[in-house]
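Colleague: Can you keep this structure in mind? I'll have questions shortly.
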Amino acid sequence: MNLQATDFELFEIPAQFAQNRSVLDAKWKDLQREAHPDKFAAQGAAAQRIAMQWSVRINEAYNRLKDPLKRATYLCELNGAPIEAHTNTSMPPAFMMMQIEWREALEEAGTAEELEKIEHQTANYKHEQLSKIEQFIDAKHDYAAAANEVRALMFVARFVGEIEARLDKM
Amino acid sequence: MALLQISEPGQTPNPHERRIAVGIDLGTTHSLVAAVRSGAAECLPDDQGRVILPSVVRYLPDNKRQIGFEALANVAIDPLNTIASVKRLMGRGLNDIVNRDKLPYAFTASESGMVSLETVGGTKSPVEISAEILATLRYRAEDTFNDDLFGAVITVPAYFDDAQRQATKDAAQLAGINVLRLINEPTAAAIAYGLDNAAEGVYAIYDLGGGTFDISILRLTQGVFEVIATGGDSALGGDDFDRALADFISAETGYFPRTASEKAALLVEARRCKEALSTANSIAVQAINTTATGIFMLSKEQFVKATQHLTDKTMSAVKKALRDAKLAKEDIKGVVMVGGSTRMPHIQQAVADLFGKPPLTNVNPDEVVALGAAIQANQLAGNNGVGDLLLLDVIPLSLGIETMGGLAERIVPRNQTIPTAMAQDFTTYKDGQTALALHVVQGERDLVTDCRSLARFELRGIPPMAAGAAKIRVTFTVDADGLLSVAAKELGSGVESNIVVKPSYGLSDDQIATMLKDSFSTAQQDMKSRALIEARVDADRMVLATQSALDIDGHLLNTDEAGVIAASIAALLIAKEADDAAVVESATSDLAKATEAFAAMRMNSGIAKALAGKNIETI
């Protein structure tokens, strides 16, 4: 095992989209038990430095693996279909219309209940979208198609961020 | 009296048992020190049997000082020189201190913009004042064990930002304490509570202290304490309830204190009333020099109403933390109440109302944080063999960088598990731009002016290119203490710049060195001999650590590799006898270098073991 291993290798799990969250959580904690700097607090600077590197790497992998959107992005990149969100904006056409509707609803929303209703709608959409991604990656191995859906989901994630920011201010 | 153990001639007691490691709760109102003794954590009392040390320092002429109860008794008599609640000033600039006019101190700003106080003993920074309190606790621990302190875990509010954490670490350094780790107060409380009650599941820690408020949501599973989300307010605590009550009394009675003594006396009285109202329904306000009113009776309802806005503020933070954790209040198995201010019945009621169940009040809200810190200190010092306690804490506030237009670009979002490293690429704004001014900020707001400024540094020597062509990678690294360091690198040319973030309001290393030289804790000692002693202690620590690593994992090394390490140990043991701290330090760092590869091998084998163990289970 080394620091350059992929997240999947590090966690010793198959490199696929479908993952069991409780397995990820358990692996994360097992790895941190071995690598966390606290374990090496009384062992000098060299051990501390290496523990820090590993602990950081394990947290990075865990963050990417546990978040479906990041995990999908990572799988697309590993399989030669990078997302390149800044330059590539191709995404499912029906999605753009829905985006506009949601944005209008967000602007009109005045209460926490209304905001939560929009949040609920987006959550449903996100759920459907994730099962499509799972199909493309795990069943069809069509990473380019998966990448398009990932791009759309990135918009949704940003949108959810805006809803949360509004809720925070309430 | 317990029998003392004496080792056989020629044998030294097990070195692990000699490591005195303590937990210190450096609180706004009072501070405590605790240690694990014969298997259980307990708070260490002073020579009069009191475990609490009021966090109050009084400066007297001729470089004398009173610390703790003695100082507390003089808060109203000598307000200018008697500093209470100094924690609220840690890592803060003059303009950050709200209600400055209501505090009886003579504020001034140091060159770096950091707040300082003028006292009869000279200008004192909050770091120096805190160091007095920490040193008092250190001496208490050393007297208790009749031995030097190996190190301490010091607790900070979870919601402390980088500047406040750095200031706390500086204070410990100034007090001559080896900081094993800074840990968050609610996390420390969770350790003590969780281990005591064998708690498993998701718990919330509601920690309302004298000057700070934290809410942390943790998942407790088999010795793992995982913080899911944290929130709070580093300037909201019992002090604010006192002040709100004092303002209410002023408004009702028409008595407005003018002098520093009067201000301090009114605050002391407000606090007495607050405490009395935890059990009584009304209380007669005393010590108010007014001819206009006679006895003023204060009712519980009036108190609750006068402080409602503060209670509400804590409840919004609780709701926000739940949202961050993506959990509903039904998911929370129990809410543990920590901090003396949670004794207020209306706080307990508000928590009960929000969560729909009574909070857990079966811990001593004053001691639980120090006890948890002691348990962690004991483990970090290696006293507990291979410990099975694992803390996975988070950073409370997002970290980012200023971009064009005064906007803050987040690099590390809040509630990220530490340690962590995250990077973001930036580019140049103008053609031919050869330098980049980096401004590091912390906070949740979009505008840099609304965030806390942590540090500024520059990346120079970028080759001139068209605007937008350079690619500058900025990496933020947050260590296990929650402290930030930042590195910037231009990827094309490889030009680099690094800084450990010494916050704008922090102390430079030179300042600390100067203070150490002048300081109380070292004044009696010859600096040179102190440096030598410390170098030898470090050397011992390094040799012990290496030997225990060899005992466990020596088989990973081939003969040559083992030989190199053995030679370095021998060289260090010889160097240790020299009377020159620099010689000892250099041999120590040689040994550290020689063991670097070994440390990496041990880590790999540990990781392999973790995975192998899991495989067997799943098969």
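Following the order of the structure tokens, first chain is A, next is B, and so on, with residues numbered from 1 inside each chain and ligands from 1 in the order they appear.
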Just the residues within 9 Å of stretch 86-92 of chain B, please, counting only C-alpha atoms, with nothing from its chain fewer than 4 positions along; format it as JSON, numbers by chain.

Modeller: {"B": [26, 27, 28, 29, 55, 56, 57, 96, 97, 113, 114, 115, 116, 125, 126, 127, 129, 130, 161, 162, 163, 164, 165, 166, 167, 168, 211, 212, 234, 235, 503, 504, 505, 506]}

Colleague: Let me see the file: selected residues, N, CA and C atoms, as an mmCIF file, in the first residue's frame.

Modeller:
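Generated file (out.cif):
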data_model
loop_
_atom_site.group_PDB
_atom_site.id
_atom_site.type_symbol
_atom_site.label_atom_id
_atom_site.label_comp_id
_atom_site.auth_asym_id
_atom_site.auth_seq_id
_atom_site.Cartn_x
_atom_site.Cartn_y
_atom_site.Cartn_z
ATOM 1 N N LEU B 26 -8.732 25.220 30.144
ATOM 2 C CA LEU B 26 -8.437 26.641 30.358
ATOM 3 C C LEU B 26 -9.719 27.419 30.093
ATOM 4 N N GLY B 27 -10.480 27.639 31.145
ATOM 5 C CA GLY B 27 -11.819 28.196 30.970
ATOM 6 C C GLY B 27 -11.879 29.702 31.103
ATOM 7 N N THR B 28 -13.016 30.264 30.689
ATOM 8 C CA THR B 28 -13.205 31.705 30.802
ATOM 9 C C THR B 28 -13.305 32.111 32.270
ATOM 10 N N THR B 29 -14.108 31.390 33.036
ATOM 11 C CA THR B 29 -14.341 31.733 34.431
ATOM 12 C C THR B 29 -13.369 31.005 35.346
ATOM 13 N N SER B 55 -10.095 31.722 36.798
ATOM 14 C CA SER B 55 -9.196 32.236 35.752
ATOM 15 C C SER B 55 -9.055 33.738 35.901
ATOM 16 N N VAL B 56 -8.462 34.142 37.008
ATOM 17 C CA VAL B 56 -8.313 35.563 37.303
ATOM 18 C C VAL B 56 -6.864 35.805 37.724
ATOM 19 N N VAL B 57 -6.272 36.845 37.137
ATOM 20 C CA VAL B 57 -4.888 37.191 37.479
ATOM 21 C C VAL B 57 -4.859 38.647 37.904
ATOM 22 N N ASP B 96 -12.125 43.896 17.872
ATOM 23 C CA ASP B 96 -12.977 42.706 17.969
ATOM 24 C C ASP B 96 -13.716 42.637 19.291
ATOM 25 N N ILE B 97 -13.254 43.403 20.284
ATOM 26 C CA ILE B 97 -13.798 43.243 21.628
ATOM 27 C C ILE B 97 -15.091 44.038 21.729
ATOM 28 N N GLY B 113 -1.415 44.762 16.311
ATOM 29 C CA GLY B 113 -2.864 44.967 16.334
ATOM 30 C C GLY B 113 -3.534 44.120 17.392
ATOM 31 N N MET B 114 -2.736 43.270 18.058
ATOM 32 C CA MET B 114 -3.297 42.398 19.085
ATOM 33 C C MET B 114 -3.644 43.215 20.328
ATOM 34 N N VAL B 115 -4.735 42.848 20.982
ATOM 35 C CA VAL B 115 -5.160 43.593 22.154
ATOM 36 C C VAL B 115 -4.208 43.303 23.324
ATOM 37 N N SER B 116 -3.947 44.349 24.124
ATOM 38 C CA SER B 116 -3.141 44.199 25.340
ATOM 39 C C SER B 116 -3.799 45.018 26.436
ATOM 40 N N SER B 125 -0.251 40.963 27.519
ATOM 41 C CA SER B 125 -1.093 40.434 26.444
ATOM 42 C C SER B 125 -1.952 39.303 27.018
ATOM 43 N N PRO B 126 -3.071 39.015 26.370
ATOM 44 C CA PRO B 126 -3.914 37.905 26.834
ATOM 45 C C PRO B 126 -3.138 36.583 26.883
ATOM 46 N N VAL B 127 -2.175 36.424 25.963
ATOM 47 C CA VAL B 127 -1.372 35.198 25.954
ATOM 48 C C VAL B 127 -0.553 35.099 27.245
ATOM 49 N N ILE B 129 -1.198 36.568 30.119
ATOM 50 C CA ILE B 129 -2.091 36.404 31.270
ATOM 51 C C ILE B 129 -2.566 34.954 31.360
ATOM 52 N N SER B 130 -2.923 34.367 30.200
ATOM 53 C CA SER B 130 -3.331 32.967 30.189
ATOM 54 C C SER B 130 -2.188 32.059 30.622
ATOM 55 N N ASP B 161 -11.424 29.998 16.416
ATOM 56 C CA ASP B 161 -10.815 30.037 15.092
ATOM 57 C C ASP B 161 -9.301 29.836 15.224
ATOM 58 N N ASP B 162 -8.621 29.885 14.088
ATOM 59 C CA ASP B 162 -7.195 29.576 14.063
ATOM 60 C C ASP B 162 -6.393 30.527 14.961
ATOM 61 N N ALA B 163 -6.750 31.805 14.954
ATOM 62 C CA ALA B 163 -6.010 32.792 15.749
ATOM 63 C C ALA B 163 -6.140 32.483 17.238
ATOM 64 N N GLN B 164 -7.344 32.098 17.656
ATOM 65 C CA GLN B 164 -7.585 31.815 19.070
ATOM 66 C C GLN B 164 -6.872 30.530 19.495
ATOM 67 N N ARG B 165 -6.835 29.535 18.599
ATOM 68 C CA ARG B 165 -6.125 28.292 18.902
ATOM 69 C C ARG B 165 -4.628 28.542 19.004
ATOM 70 N N GLN B 166 -4.112 29.296 18.052
ATOM 71 C CA GLN B 166 -2.684 29.576 18.047
ATOM 72 C C GLN B 166 -2.304 30.331 19.318
ATOM 73 N N ALA B 167 -3.135 31.285 19.718
ATOM 74 C CA ALA B 167 -2.854 32.061 20.937
ATOM 75 C C ALA B 167 -2.816 31.136 22.154
ATOM 76 N N THR B 168 -3.717 30.157 22.192
ATOM 77 C CA THR B 168 -3.750 29.215 23.314
ATOM 78 C C THR B 168 -2.477 28.370 23.340
ATOM 79 N N GLY B 211 -17.689 32.053 28.816
ATOM 80 C CA GLY B 211 -17.547 33.030 27.745
ATOM 81 C C GLY B 211 -17.755 32.483 26.353
ATOM 82 N N THR B 212 -17.941 31.171 26.248
ATOM 83 C CA THR B 212 -18.056 30.593 24.919
ATOM 84 C C THR B 212 -19.185 29.579 24.881
ATOM 85 N N SER B 234 -17.940 31.933 19.773
ATOM 86 C CA SER B 234 -16.810 32.012 20.689
ATOM 87 C C SER B 234 -16.888 33.267 21.562
ATOM 88 N N ALA B 235 -17.964 34.026 21.464
ATOM 89 C CA ALA B 235 -18.153 35.155 22.369
ATOM 90 C C ALA B 235 -19.582 35.161 22.900
ATOM 91 N N PRO B 503 -1.251 33.806 12.980
ATOM 92 C CA PRO B 503 -2.309 34.764 12.698
ATOM 93 C C PRO B 503 -1.854 36.200 12.905
ATOM 94 N N SER B 504 -2.520 37.091 12.207
ATOM 95 C CA SER B 504 -2.167 38.500 12.276
ATOM 96 C C SER B 504 -2.117 38.985 13.720
ATOM 97 N N TYR B 505 -2.954 38.393 14.572
ATOM 98 C CA TYR B 505 -3.000 38.842 15.954
ATOM 99 C C TYR B 505 -2.158 37.966 16.872
ATOM 100 N N GLY B 506 -1.486 36.989 16.311
ATOM 101 C CA GLY B 506 -0.682 36.081 17.130
ATOM 102 C C GLY B 506 0.662 36.681 17.464
#

Colleague: Restrict the calculation to only C-alpha atoms, then for each residue of chain B with any atom at most 6 Å from an atom of chain A give the closest atom pair and their distance in Å to one decimal, rows by chain and rising residue number, as a tab-separated table.

Modeller:
residue	atom	partner	partner_atom	distance
B:Leu380	CA	A:Ala41	CA	5.4
B:Ala381	CA	A:Ala42	CA	5.5
B:Pro419	CA	A:Val56	CA	5.5
B:Thr420	CA	A:Val56	CA	4.8
B:Met542	CA	A:Gly44	CA	5.7
B:Ala545	CA	A:Gln43	CA	4.7
B:Ala592	CA	A:Ala46	CA	5.7
B:Glu596	CA	A:Ala46	CA	5.2
B:Ala599	CA	A:Ala47	CA	5.2
B:Gly606	CA	A:Glu34	CA	5.5
B:Ala610	CA	A:Asp30	CA	5.7

Colleague: From the DSSP assignment of the backbone, select every residue of stretch 87-316 of chain B that is strand (DSSP E or B), and format the answer as a PyMOL selection string.

Modeller: chain B and resi 93+107-109+114-119+122-124+151-156+179-184+201-208+213-221+224-233+282-285+296-299

Colleague: Please provide the set of residues having any atom within 12 Å of B:Arg65, restricted to only C-alpha atoms, with same-chain residues fewer than 6 positions apart removed, written as an MDAnalysis selection string.

Modeller: chainID B and resid 56:59 71 74 81:83 119:122 129 132:133 136 520

Colleague: Output N, CA and C atoms for every residue in that selection, as an mmCIF file, in the first residue's frame.

Modeller:
data_model
loop_
_atom_site.group_PDB
_atom_site.id
_atom_site.type_symbol
_atom_site.label_atom_id
_atom_site.label_comp_id
_atom_site.auth_asym_id
_atom_site.auth_seq_id
_atom_site.Cartn_x
_atom_site.Cartn_y
_atom_site.Cartn_z
ATOM 1 N N VAL B 56 -8.462 34.142 37.008
ATOM 2 C CA VAL B 56 -8.313 35.563 37.303
ATOM 3 C C VAL B 56 -6.864 35.805 37.724
ATOM 4 N N VAL B 57 -6.272 36.845 37.137
ATOM 5 C CA VAL B 57 -4.888 37.191 37.479
ATOM 6 C C VAL B 57 -4.859 38.647 37.904
ATOM 7 N N ARG B 58 -4.280 38.917 39.082
ATOM 8 C CA ARG B 58 -4.142 40.305 39.535
ATOM 9 C C ARG B 58 -2.668 40.663 39.543
ATOM 10 N N TYR B 59 -2.355 41.757 38.851
ATOM 11 C CA TYR B 59 -0.972 42.231 38.831
ATOM 12 C C TYR B 59 -0.768 43.255 39.930
ATOM 13 N N ALA B 71 -6.965 36.488 43.599
ATOM 14 C CA ALA B 71 -7.214 37.531 42.615
ATOM 15 C C ALA B 71 -8.711 37.787 42.482
ATOM 16 N N ASN B 74 -10.400 40.251 44.587
ATOM 17 C CA ASN B 74 -10.073 41.659 44.373
ATOM 18 C C ASN B 74 -10.623 42.236 43.081
ATOM 19 N N ASN B 81 -6.265 46.160 37.470
ATOM 20 C CA ASN B 81 -5.134 45.236 37.483
ATOM 21 C C ASN B 81 -5.552 43.790 37.699
ATOM 22 N N THR B 82 -6.866 43.574 37.843
ATOM 23 C CA THR B 82 -7.337 42.226 38.112
ATOM 24 C C THR B 82 -8.103 41.735 36.891
ATOM 25 N N ILE B 83 -7.462 40.857 36.137
ATOM 26 C CA ILE B 83 -8.001 40.493 34.834
ATOM 27 C C ILE B 83 -8.775 39.178 34.946
ATOM 28 N N THR B 119 -1.432 47.352 32.944
ATOM 29 C CA THR B 119 -1.617 47.061 34.364
ATOM 30 C C THR B 119 -0.458 47.656 35.135
ATOM 31 N N VAL B 120 -0.562 47.619 36.448
ATOM 32 C CA VAL B 120 0.494 48.150 37.290
ATOM 33 C C VAL B 120 1.772 47.323 37.105
ATOM 34 N N GLY B 121 1.607 46.101 36.609
ATOM 35 C CA GLY B 121 2.768 45.238 36.353
ATOM 36 C C GLY B 121 3.297 45.381 34.938
ATOM 37 N N GLY B 122 2.809 46.371 34.190
ATOM 38 C CA GLY B 122 3.249 46.577 32.820
ATOM 39 C C GLY B 122 2.167 46.170 31.827
ATOM 40 N N ILE B 129 -1.198 36.568 30.119
ATOM 41 C CA ILE B 129 -2.091 36.404 31.270
ATOM 42 C C ILE B 129 -2.566 34.954 31.360
ATOM 43 N N GLU B 132 0.010 32.654 32.824
ATOM 44 C CA GLU B 132 0.100 32.664 34.290
ATOM 45 C C GLU B 132 -0.818 31.569 34.861
ATOM 46 N N ILE B 133 -2.016 31.491 34.289
ATOM 47 C CA ILE B 133 -2.988 30.506 34.771
ATOM 48 C C ILE B 133 -2.494 29.093 34.457
ATOM 49 N N THR B 136 0.350 28.061 36.723
ATOM 50 C CA THR B 136 -0.135 27.705 38.060
ATOM 51 C C THR B 136 -0.631 26.257 38.075
ATOM 52 N N PHE B 520 7.976 34.869 34.072
ATOM 53 C CA PHE B 520 7.866 34.371 35.442
ATOM 54 C C PHE B 520 8.308 32.931 35.551
#

Colleague: Work out how far atom CA of B:Arg271 is from atom CA of B:Gly68, in Å to one decimal.

Modeller: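 These two atoms are separated by 17.5 Å.
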